[in-house]
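Participant: This is input_2.pdb, which holds PDB, C-alpha atoms, pLDDT in the B column:
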ATOM      1  CA  MET A 618       5.015  -1.999   8.745  1.00 40.00           C
ATOM      2  CA  LEU A 619       8.665  -0.968   8.843  1.00 44.00           C
ATOM      3  CA  ALA A 620       9.106  -2.861  12.088  1.00 45.00           C
ATOM      4  CA  ARG A 621       9.151  -6.051   9.994  1.00 49.00           C
ATOM      5  CA  THR A 622      12.466  -7.173   8.646  1.00 66.00           C
ATOM      6  CA  SER A 623      11.354  -6.887   5.024  1.00 85.00           C
ATOM      7  CA  LEU A 624       8.943  -4.998   2.817  1.00 92.00           C
ATOM      8  CA  ARG A 625       6.173  -7.055   1.229  1.00 94.00           C
ATOM      9  CA  ILE A 626       5.895  -5.931  -2.395  1.00 97.00           C
ATOM     10  CA  ALA A 627       3.257  -7.170  -4.830  1.00 97.00           C
ATOM     11  CA  VAL A 628       3.657  -6.913  -8.596  1.00 98.00           C
ATOM     12  CA  CYS A 629       0.644  -7.647 -10.800  1.00 97.00           C
ATOM     13  CA  ASP A 630       1.087  -7.753 -14.578  1.00 95.00           C
ATOM     14  CA  ASP A 631      -0.363 -10.118 -17.179  1.00 94.00           C
ATOM     15  CA  SER A 632       2.884  -9.978 -19.192  1.00 94.00           C
ATOM     16  CA  PRO A 633       5.480 -12.462 -17.857  1.00 96.00           C
ATOM     17  CA  ILE A 634       8.254 -10.368 -19.438  1.00 95.00           C
ATOM     18  CA  PHE A 635       7.296  -7.147 -17.622  1.00 95.00           C
ATOM     19  CA  LEU A 636       6.472  -9.065 -14.435  1.00 95.00           C
ATOM     20  CA  ASN A 637       9.963 -10.585 -14.318  1.00 96.00           C
ATOM     21  CA  LYS A 638      11.666  -7.340 -15.345  1.00 96.00           C
ATOM     22  CA  THR A 639       9.927  -5.400 -12.548  1.00 97.00           C
ATOM     23  CA  LYS A 640      10.795  -8.128 -10.058  1.00 97.00           C
ATOM     24  CA  THR A 641      14.450  -8.009 -11.154  1.00 97.00           C
ATOM     25  CA  TYR A 642      14.552  -4.206 -10.785  1.00 97.00           C
ATOM     26  CA  ILE A 643      13.109  -4.449  -7.267  1.00 97.00           C
ATOM     27  CA  GLU A 644      15.628  -7.165  -6.341  1.00 97.00           C
ATOM     28  CA  THR A 645      18.468  -4.989  -7.650  1.00 97.00           C
ATOM     29  CA  TRP A 646      17.171  -1.979  -5.698  1.00 97.00           C
ATOM     30  CA  SER A 647      16.983  -4.161  -2.592  1.00 96.00           C
ATOM     31  CA  ALA A 648      20.559  -5.391  -3.036  1.00 96.00           C
ATOM     32  CA  ASN A 649      21.875  -1.873  -3.688  1.00 95.00           C
ATOM     33  CA  THR A 650      20.079  -0.204  -0.774  1.00 93.00           C
ATOM     34  CA  GLY A 651      20.119  -2.994   1.789  1.00 92.00           C
ATOM     35  CA  HIS A 652      16.333  -2.903   2.197  1.00 92.00           C
ATOM     36  CA  ALA A 653      15.081  -6.460   2.487  1.00 93.00           C
ATOM     37  CA  VAL A 654      12.056  -7.284   0.352  1.00 96.00           C
ATOM     38  CA  GLN A 655       9.670 -10.128  -0.242  1.00 96.00           C
ATOM     39  CA  ILE A 656       8.298  -9.931  -3.774  1.00 97.00           C
ATOM     40  CA  PHE A 657       5.000 -11.568  -4.673  1.00 97.00           C
ATOM     41  CA  THR A 658       4.067 -11.739  -8.343  1.00 97.00           C
ATOM     42  CA  TYR A 659       0.579 -12.126  -9.784  1.00 97.00           C
ATOM     43  CA  ASP A 660      -0.672 -12.353 -13.349  1.00 94.00           C
ATOM     44  CA  ASN A 661      -4.249 -11.418 -12.432  1.00 94.00           C
ATOM     45  CA  GLY A 662      -6.067  -9.149 -10.015  1.00 94.00           C
ATOM     46  CA  ASP A 663      -8.143 -11.794  -8.235  1.00 94.00           C
ATOM     47  CA  ALA A 664      -5.047 -13.607  -6.982  1.00 94.00           C
ATOM     48  CA  LEU A 665      -3.535 -10.345  -5.731  1.00 95.00           C
ATOM     49  CA  ILE A 666      -6.713  -9.320  -3.900  1.00 95.00           C
ATOM     50  CA  GLU A 667      -6.958 -12.641  -2.062  1.00 93.00           C
ATOM     51  CA  ALA A 668      -3.278 -12.578  -1.110  1.00 93.00           C
ATOM     52  CA  HIS A 669      -3.437  -8.961   0.056  1.00 91.00           C
ATOM     53  CA  LYS A 670      -6.494  -9.625   2.206  1.00 87.00           C
ATOM     54  CA  ASP A 671      -4.723 -12.578   3.842  1.00 86.00           C
ATOM     55  CA  CYS A 672      -1.354 -10.921   4.311  1.00 86.00           C
ATOM     56  CA  HIS A 673      -1.000  -7.154   3.880  1.00 88.00           C
ATOM     57  CA  MET A 674       1.293  -5.897   1.124  1.00 93.00           C
ATOM     58  CA  ASP A 675       3.340  -2.796   1.880  1.00 93.00           C
ATOM     59  CA  ILE A 676       3.717  -1.676  -1.751  1.00 96.00           C
ATOM     60  CA  ILE A 677       1.693  -2.653  -4.820  1.00 97.00           C
ATOM     61  CA  PHE A 678       2.760  -2.364  -8.475  1.00 97.00           C
ATOM     62  CA  LEU A 679      -0.113  -2.730 -10.969  1.00 95.00           C
ATOM     63  CA  ASP A 680      -0.300  -2.953 -14.723  1.00 93.00           C
ATOM     64  CA  ILE A 681      -3.336  -1.019 -15.920  1.00 91.00           C
ATOM     65  CA  ILE A 682      -4.127  -2.846 -19.147  1.00 88.00           C
ATOM     66  CA  MET A 683      -4.969  -6.428 -18.152  1.00 89.00           C
ATOM     67  CA  PRO A 684      -7.761  -8.787 -19.197  1.00 88.00           C
ATOM     68  CA  VAL A 685     -10.771  -9.486 -16.947  1.00 86.00           C
ATOM     69  CA  MET A 686      -9.978  -6.814 -14.321  1.00 88.00           C
ATOM     70  CA  ASP A 687      -7.897  -3.834 -15.405  1.00 88.00           C
ATOM     71  CA  GLY A 688      -5.469  -2.169 -13.023  1.00 90.00           C
ATOM     72  CA  LEU A 689      -7.748   0.754 -12.184  1.00 91.00           C
ATOM     73  CA  ALA A 690     -10.638  -1.564 -11.243  1.00 93.00           C
ATOM     74  CA  LEU A 691      -8.195  -3.645  -9.227  1.00 94.00           C
ATOM     75  CA  ALA A 692      -6.924  -0.543  -7.415  1.00 94.00           C
ATOM     76  CA  ARG A 693     -10.509   0.524  -6.643  1.00 93.00           C
ATOM     77  CA  GLU A 694     -11.180  -2.914  -5.149  1.00 94.00           C
ATOM     78  CA  ILE A 695      -7.986  -2.743  -3.066  1.00 94.00           C
ATOM     79  CA  ARG A 696      -8.968   0.705  -1.779  1.00 92.00           C
ATOM     80  CA  THR A 697     -12.221  -0.742  -0.366  1.00 90.00           C
ATOM     81  CA  PHE A 698     -10.197  -2.564   2.293  1.00 88.00           C
ATOM     82  CA  ASP A 699      -6.779  -0.868   2.236  1.00 89.00           C
ATOM     83  CA  LYS A 700      -6.662   2.906   2.018  1.00 84.00           C
ATOM     84  CA  SER A 701      -2.954   3.291   2.670  1.00 84.00           C
ATOM     85  CA  ALA A 702      -0.726   0.894   0.687  1.00 91.00           C
ATOM     86  CA  PRO A 703       1.140   2.828  -2.011  1.00 95.00           C
ATOM     87  CA  ILE A 704      -0.024   1.797  -5.486  1.00 95.00           C
ATOM     88  CA  ILE A 705       2.288   2.387  -8.427  1.00 95.00           C
ATOM     89  CA  PHE A 706       0.871   1.908 -11.905  1.00 92.00           C
ATOM     90  CA  LEU A 707       3.064   0.418 -14.607  1.00 90.00           C
ATOM     91  CA  THR A 708       1.544   0.802 -18.041  1.00 86.00           C
ATOM     92  CA  SER A 709       2.268   1.236 -21.709  1.00 80.00           C
ATOM     93  CA  SER A 710      -0.347   3.994 -21.999  1.00 75.00           C
ATOM     94  CA  LYS A 711      -0.324   7.544 -20.667  1.00 77.00           C
ATOM     95  CA  GLU A 712      -4.094   7.901 -21.156  1.00 75.00           C
ATOM     96  CA  PHE A 713      -5.004   6.614 -17.676  1.00 70.00           C
ATOM     97  CA  ALA A 714      -2.678   8.925 -15.723  1.00 74.00           C
ATOM     98  CA  VAL A 715      -5.432  11.312 -14.627  1.00 69.00           C
ATOM     99  CA  ASP A 716      -7.706   8.400 -13.627  1.00 75.00           C
ATOM    100  CA  SER A 717      -4.942   7.034 -11.399  1.00 77.00           C
ATOM    101  CA  TYR A 718      -5.514   9.956  -9.013  1.00 77.00           C
ATOM    102  CA  THR A 719      -9.001   8.620  -8.198  1.00 81.00           C
ATOM    103  CA  VAL A 720      -7.405   5.687  -6.357  1.00 85.00           C
ATOM    104  CA  LYS A 721      -4.660   7.789  -4.790  1.00 86.00           C
ATOM    105  CA  ALA A 722      -1.856   6.247  -6.823  1.00 89.00           C
ATOM    106  CA  PHE A 723       1.615   6.987  -5.503  1.00 91.00           C
ATOM    107  CA  ASN A 724       3.137   7.086  -8.978  1.00 90.00           C
ATOM    108  CA  TYR A 725       2.469   6.275 -12.617  1.00 89.00           C
ATOM    109  CA  LEU A 726       5.355   4.822 -14.594  1.00 89.00           C
ATOM    110  CA  VAL A 727       5.132   4.367 -18.363  1.00 90.00           C
ATOM    111  CA  LYS A 728       6.585   1.209 -19.924  1.00 90.00           C
ATOM    112  CA  PRO A 729       9.261   0.498 -20.780  1.00 90.00           C
ATOM    113  CA  ILE A 730      10.120   1.123 -17.153  1.00 90.00           C
ATOM    114  CA  HIS A 731      13.495   2.731 -16.517  1.00 91.00           C
ATOM    115  CA  ASN A 732      15.152   1.268 -13.468  1.00 93.00           C
ATOM    116  CA  GLU A 733      16.198   4.705 -12.164  1.00 95.00           C
ATOM    117  CA  ARG A 734      12.560   5.883 -12.051  1.00 94.00           C
ATOM    118  CA  LEU A 735      11.475   2.717 -10.273  1.00 96.00           C
ATOM    119  CA  TYR A 736      14.342   3.060  -7.763  1.00 96.00           C
ATOM    120  CA  ALA A 737      13.457   6.716  -7.127  1.00 94.00           C
ATOM    121  CA  THR A 738       9.818   5.743  -6.570  1.00 95.00           C
ATOM    122  CA  LEU A 739      10.797   3.081  -4.031  1.00 96.00           C
ATOM    123  CA  ASP A 740      13.111   5.566  -2.274  1.00 93.00           C
ATOM    124  CA  ASP A 741      10.271   8.114  -2.129  1.00 92.00           C
ATOM    125  CA  ILE A 742       7.916   5.518  -0.663  1.00 92.00           C
ATOM    126  CA  LEU A 743      10.395   4.613   2.063  1.00 89.00           C
ATOM    127  CA  GLU A 744      10.806   8.283   2.941  1.00 85.00           C
ATOM    128  CA  THR A 745       7.026   8.590   3.150  1.00 81.00           C
ATOM    129  CA  PHE A 746       6.906   5.516   5.399  1.00 78.00           C
ATOM    130  CA  ARG A 747       9.504   7.060   7.719  1.00 73.00           C
ATOM    131  CA  ILE A 748       7.538  10.295   8.028  1.00 59.00           C
ATOM    132  CA  GLU A 749       4.186   8.535   8.426  1.00 60.00           C
ATOM    133  CA  GLN A 750       5.540   6.084  10.954  1.00 61.00           C
ATOM    134  CA  THR A 751       6.268   8.937  13.333  1.00 65.00           C
ATOM    135  CA  ASN A 752       2.882  10.625  12.862  1.00 76.00           C
ATOM    136  CA  ASN A 753       0.464   7.728  12.333  1.00 78.00           C
ATOM    137  CA  ILE A 754      -0.858   4.577  13.870  1.00 82.00           C
ATOM    138  CA  ILE A 755      -2.042   1.529  11.953  1.00 79.00           C
ATOM    139  CA  ILE A 756      -5.396   0.058  12.970  1.00 82.00           C
ATOM    140  CA  LYS A 757      -6.620  -3.246  11.558  1.00 76.00           C
ATOM    141  CA  ASN A 758     -10.218  -4.333  11.718  1.00 77.00           C
ATOM    142  CA  ASN A 759     -12.742  -6.409   9.814  1.00 75.00           C
ATOM    143  CA  SER A 760     -13.077  -3.809   7.050  1.00 75.00           C
ATOM    144  CA  GLY A 761      -9.341  -3.468   6.380  1.00 73.00           C
ATOM    145  CA  ILE A 762      -6.280  -1.508   7.363  1.00 74.00           C
ATOM    146  CA  HIS A 763      -6.459   2.117   8.434  1.00 80.00           C
ATOM    147  CA  ARG A 764      -3.554   4.513   8.772  1.00 79.00           C
ATOM    148  CA  ILE A 765      -4.636   7.314  11.108  1.00 85.00           C
ATOM    149  CA  ASN A 766      -2.716  10.518  11.606  1.00 84.00           C
ATOM    150  CA  ILE A 767      -2.415  11.069  15.342  1.00 86.00           C
ATOM    151  CA  ALA A 768      -3.157  14.782  14.980  1.00 84.00           C
ATOM    152  CA  ASP A 769      -6.548  13.872  13.489  1.00 88.00           C
ATOM    153  CA  ILE A 770      -7.656  11.781  16.472  1.00 90.00           C
ATOM    154  CA  ILE A 771     -10.158  13.509  18.738  1.00 91.00           C
ATOM    155  CA  TYR A 772     -10.460  10.678  21.260  1.00 90.00           C
ATOM    156  CA  ALA A 773     -10.704   6.907  21.643  1.00 90.00           C
ATOM    157  CA  GLU A 774     -13.427   5.082  23.513  1.00 91.00           C
ATOM    158  CA  ALA A 775     -13.512   1.517  24.855  1.00 90.00           C
ATOM    159  CA  LEU A 776     -16.918  -0.023  24.238  1.00 88.00           C
ATOM    160  CA  ASN A 777     -17.879  -3.695  24.584  1.00 85.00           C
ATOM    161  CA  ARG A 778     -14.440  -5.175  23.846  1.00 83.00           C
ATOM    162  CA  LYS A 779     -13.903  -2.793  20.950  1.00 88.00           C
ATOM    163  CA  VAL A 780     -12.154   0.516  20.660  1.00 91.00           C
ATOM    164  CA  ILE A 781     -13.764   3.312  18.670  1.00 91.00           C
ATOM    165  CA  ILE A 782     -11.411   6.010  17.450  1.00 92.00           C
ATOM    166  CA  TYR A 783     -13.101   9.309  16.618  1.00 93.00           C
ATOM    167  CA  ILE A 784     -11.428  11.353  13.899  1.00 92.00           C
ATOM    168  CA  LYS A 785     -11.756  15.058  13.047  1.00 91.00           C
ATOM    169  CA  THR A 786     -13.367  14.233   9.700  1.00 90.00           C
ATOM    170  CA  GLY A 787     -16.298  12.678  11.573  1.00 91.00           C
ATOM    171  CA  GLU A 788     -15.183   9.165  10.693  1.00 89.00           C
ATOM    172  CA  GLN A 789     -15.158   6.501  13.382  1.00 91.00           C
ATOM    173  CA  VAL A 790     -12.709   3.610  13.117  1.00 91.00           C
ATOM    174  CA  THR A 791     -13.522   0.569  15.201  1.00 91.00           C
ATOM    175  CA  SER A 792     -10.710  -1.730  16.299  1.00 88.00           C
ATOM    176  CA  THR A 793     -10.898  -5.091  17.979  1.00 80.00           C
ATOM    177  CA  ASP A 794      -7.558  -4.411  19.684  1.00 81.00           C
ATOM    178  CA  VAL A 795      -7.736  -4.003  23.428  1.00 82.00           C
ATOM    179  CA  PHE A 796      -7.849  -0.433  24.683  1.00 85.00           C
ATOM    180  CA  SER A 797      -4.447  -0.700  26.381  1.00 82.00           C
ATOM    181  CA  SER A 798      -2.873  -1.685  23.045  1.00 81.00           C
ATOM    182  CA  ILE A 799      -4.320   1.422  21.347  1.00 83.00           C
ATOM    183  CA  CYS A 800      -3.116   3.574  24.257  1.00 81.00           C
ATOM    184  CA  ASP A 801       0.383   2.070  23.948  1.00 77.00           C
ATOM    185  CA  MET A 802       0.474   2.947  20.229  1.00 77.00           C
ATOM    186  CA  LEU A 803      -0.551   6.516  20.980  1.00 78.00           C
ATOM    187  CA  LEU A 804       1.939   6.918  23.813  1.00 73.00           C
ATOM    188  CA  VAL A 805       4.851   5.786  21.640  1.00 64.00           C
ATOM    189  CA  HIS A 806       4.179   8.715  19.324  1.00 57.00           C
TER     190      HIS A 806
END
Would you mind writing the structure in this file as structure tokens?
Facilitator:
Amino acid sequence: MLARTSLRIAVCDDSPIFLNKTKTYIETWSANTGHAVQIFTYDNGDALIEAHKDCHMDIIFLDIIMPVMDGLALAREIRTFDKSAPIIFLTSSKEFAVDSYTVKAFNYLVKPIHNERLYATLDDILETFRIEQTNNIIIKNNSGIHRINIADIIYAEALNRKVIIYIKTGEQVTSTDVFSSICDMLLVH
């Protein structure tokens, strides 16, 4: 993810005012820190889900209170195919803060958003990415994107043009990458 030249950041909010304000804050953070970003804005969850499935987002900002599909339902849907992208909730209500833990939210920011809190959140995410990049590998398959801690891998097996990675939790992650590609990822770390 950080090997790309820019971070792909999605912002989903049904309010054009908050959508544009969040986008402006992220652009300012990018200019001040030198971290290149691509910002994708969505006013509904369905559009974000389709875009994220087609082209993985590195960071996702979600409003919680939206019509049709609220932010928590949207986050649950995202977690069915992407367990690792940091999700940051932006909302005018504190009442959903505890529920945000069920989808492993990275942070929960109450509107009106203060730019310093948003900047600190983005800085924290980048620090997390740096740490994870040295200890994890990213595996993509038909069911989504999986970030696997190398210390949790028991072994990998090549089987019929697939690679099955066995993890300490008992989970098995199947990749369509060739075995040599998986071995190269593991050797780098």
Participant: Starting from the shown file, work through the PyMOL selection byres ((chain A and resi 691-703) around 7) and note down what comes out as a compact mmCIF listing (two decimals) with C-alpha atoms, keeping the file's coordinate frame.
Facilitator:
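Below you can see result.txt, which holds the result:
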# COMPACT_ATOMS: atom_id res chain seq x y z
CA GLY A 662 -6.07 -9.15 -10.02
CA ILE A 666 -6.71 -9.32 -3.90
CA ASP A 675 3.34 -2.80 1.88
CA ILE A 676 3.72 -1.68 -1.75
CA ILE A 677 1.69 -2.65 -4.82
CA MET A 686 -9.98 -6.81 -14.32
CA ASP A 687 -7.90 -3.83 -15.40
CA GLY A 688 -5.47 -2.17 -13.02
CA LEU A 689 -7.75 0.75 -12.18
CA ALA A 690 -10.64 -1.56 -11.24
CA ILE A 704 -0.02 1.80 -5.49
CA ILE A 705 2.29 2.39 -8.43
CA VAL A 720 -7.40 5.69 -6.36
CA ALA A 722 -1.86 6.25 -6.82
CA PHE A 723 1.62 6.99 -5.50
CA SER A 760 -13.08 -3.81 7.05
CA GLY A 761 -9.34 -3.47 6.38
CA ILE A 762 -6.28 -1.51 7.36
CA HIS A 763 -6.46 2.12 8.43
CA ARG A 764 -3.55 4.51 8.77
Participant: Can you work out which one of A:Ala648, A:Phe796, A:Ile770, A:Ser717 has the shortest atom-to-atom distance to Ile784 (chain A), counting all atoms listed in the file?
Facilitator: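 Counting all atoms listed in the file, the residue closest to Ile784 (chain A) is A:Ile770.
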Participant: Hey, can you check how far CA of Glu712 (chain A) sits from CA of Val685 (chain A)?
Facilitator: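 About the pair CA of Glu712 (chain A) and CA of Val685 (chain A): they are 19.1 Å apart.
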Participant: Can you measure CA of Ser647 (chain A) to CA of Phe635 (chain A) for me? One decimal in Å is fine.
Facilitator: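 Result for CA of Ser647 (chain A) versus CA of Phe635 (chain A): 18.1 Å, one decimal.
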Participant: For Asn758 (chain A), which residue out of A:Asp794, A:Asp660, A:Asp631, A:Asp671 is the nearest one, using all atoms listed in the file?
Facilitator: A:Asp794
Participant: Determine the nearest neighbour of Leu739 (chain A) from the options A:Ala664, A:Ile643, A:Ala714, A:Cys629, counting all atoms listed in the file.
Facilitator: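 Once distances to Leu739 (chain A) are computed over all atoms listed in the file, the minimum belongs to A:Ile643.
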Participant: Interatomic distance between CA of Gly651 (chain A) and CA of Tyr736 (chain A)?
Facilitator: 12.7 Å
Participant: Find the residue from A:Leu735, A:Lys711, A:Leu803, A:Ser792 that sits nearest to Glu644 (chain A); use all atoms listed in the file when measuring.
Facilitator: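 Selected residue with least distance to Glu644 (chain A): A:Leu735.
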Participant: Is there a way to complete region 785-802 of chain A with N, CA and C atoms and then write that out as a CSV table (one decimal), in the coordinates of the input?
Facilitator:
chain,number,residue,atom,x,y,z
A,785,LYS,N,-11.3,13.7,13.4
A,785,LYS,CA,-11.8,15.1,13.0
A,785,LYS,C,-12.7,15.1,11.9
A,786,THR,N,-12.5,14.2,10.9
A,786,THR,CA,-13.4,14.2,9.7
A,786,THR,C,-14.8,13.7,10.0
A,787,GLY,N,-15.0,13.2,11.2
A,787,GLY,CA,-16.3,12.7,11.6
A,787,GLY,C,-16.3,11.2,11.4
A,788,GLU,N,-15.3,10.6,10.8
A,788,GLU,CA,-15.2,9.2,10.7
A,788,GLU,C,-14.9,8.5,12.0
A,789,GLN,N,-15.4,7.3,12.2
A,789,GLN,CA,-15.2,6.5,13.4
A,789,GLN,C,-14.5,5.2,12.9
A,790,VAL,N,-13.4,4.9,13.5
A,790,VAL,CA,-12.7,3.6,13.1
A,790,VAL,C,-12.8,2.7,14.3
A,791,THR,N,-13.4,1.5,14.1
A,791,THR,CA,-13.5,0.6,15.2
A,791,THR,C,-12.4,-0.5,15.1
A,792,SER,N,-11.8,-0.7,16.2
A,792,SER,CA,-10.7,-1.7,16.3
A,792,SER,C,-11.1,-2.8,17.3
A,793,THR,N,-10.7,-4.0,17.0
A,793,THR,CA,-10.9,-5.1,18.0
A,793,THR,C,-9.7,-5.3,18.9
A,794,ASP,N,-8.7,-4.4,18.7
A,794,ASP,CA,-7.6,-4.4,19.7
A,794,ASP,C,-8.0,-4.0,21.1
A,795,VAL,N,-7.4,-4.4,22.1
A,795,VAL,CA,-7.7,-4.0,23.4
A,795,VAL,C,-7.3,-2.5,23.6
A,796,PHE,N,-8.0,-1.9,24.5
A,796,PHE,CA,-7.8,-0.4,24.7
A,796,PHE,C,-6.4,-0.1,25.1
A,797,SER,N,-5.8,-1.0,25.9
A,797,SER,CA,-4.4,-0.7,26.4
A,797,SER,C,-3.5,-0.8,25.2
A,798,SER,N,-3.7,-1.6,24.2
A,798,SER,CA,-2.9,-1.7,23.0
A,798,SER,C,-2.9,-0.4,22.2
A,799,ILE,N,-4.2,0.2,22.1
A,799,ILE,CA,-4.3,1.4,21.3
A,799,ILE,C,-3.6,2.5,22.1
A,800,CYS,N,-3.8,2.5,23.4
A,800,CYS,CA,-3.1,3.6,24.3
A,800,CYS,C,-1.6,3.5,24.1
A,801,ASP,N,-1.1,2.3,24.1
A,801,ASP,CA,0.4,2.1,23.9
A,801,ASP,C,0.9,2.6,22.6
A,802,MET,N,0.1,2.4,21.5
A,802,MET,CA,0.5,2.9,20.2
A,802,MET,C,0.5,4.5,20.3
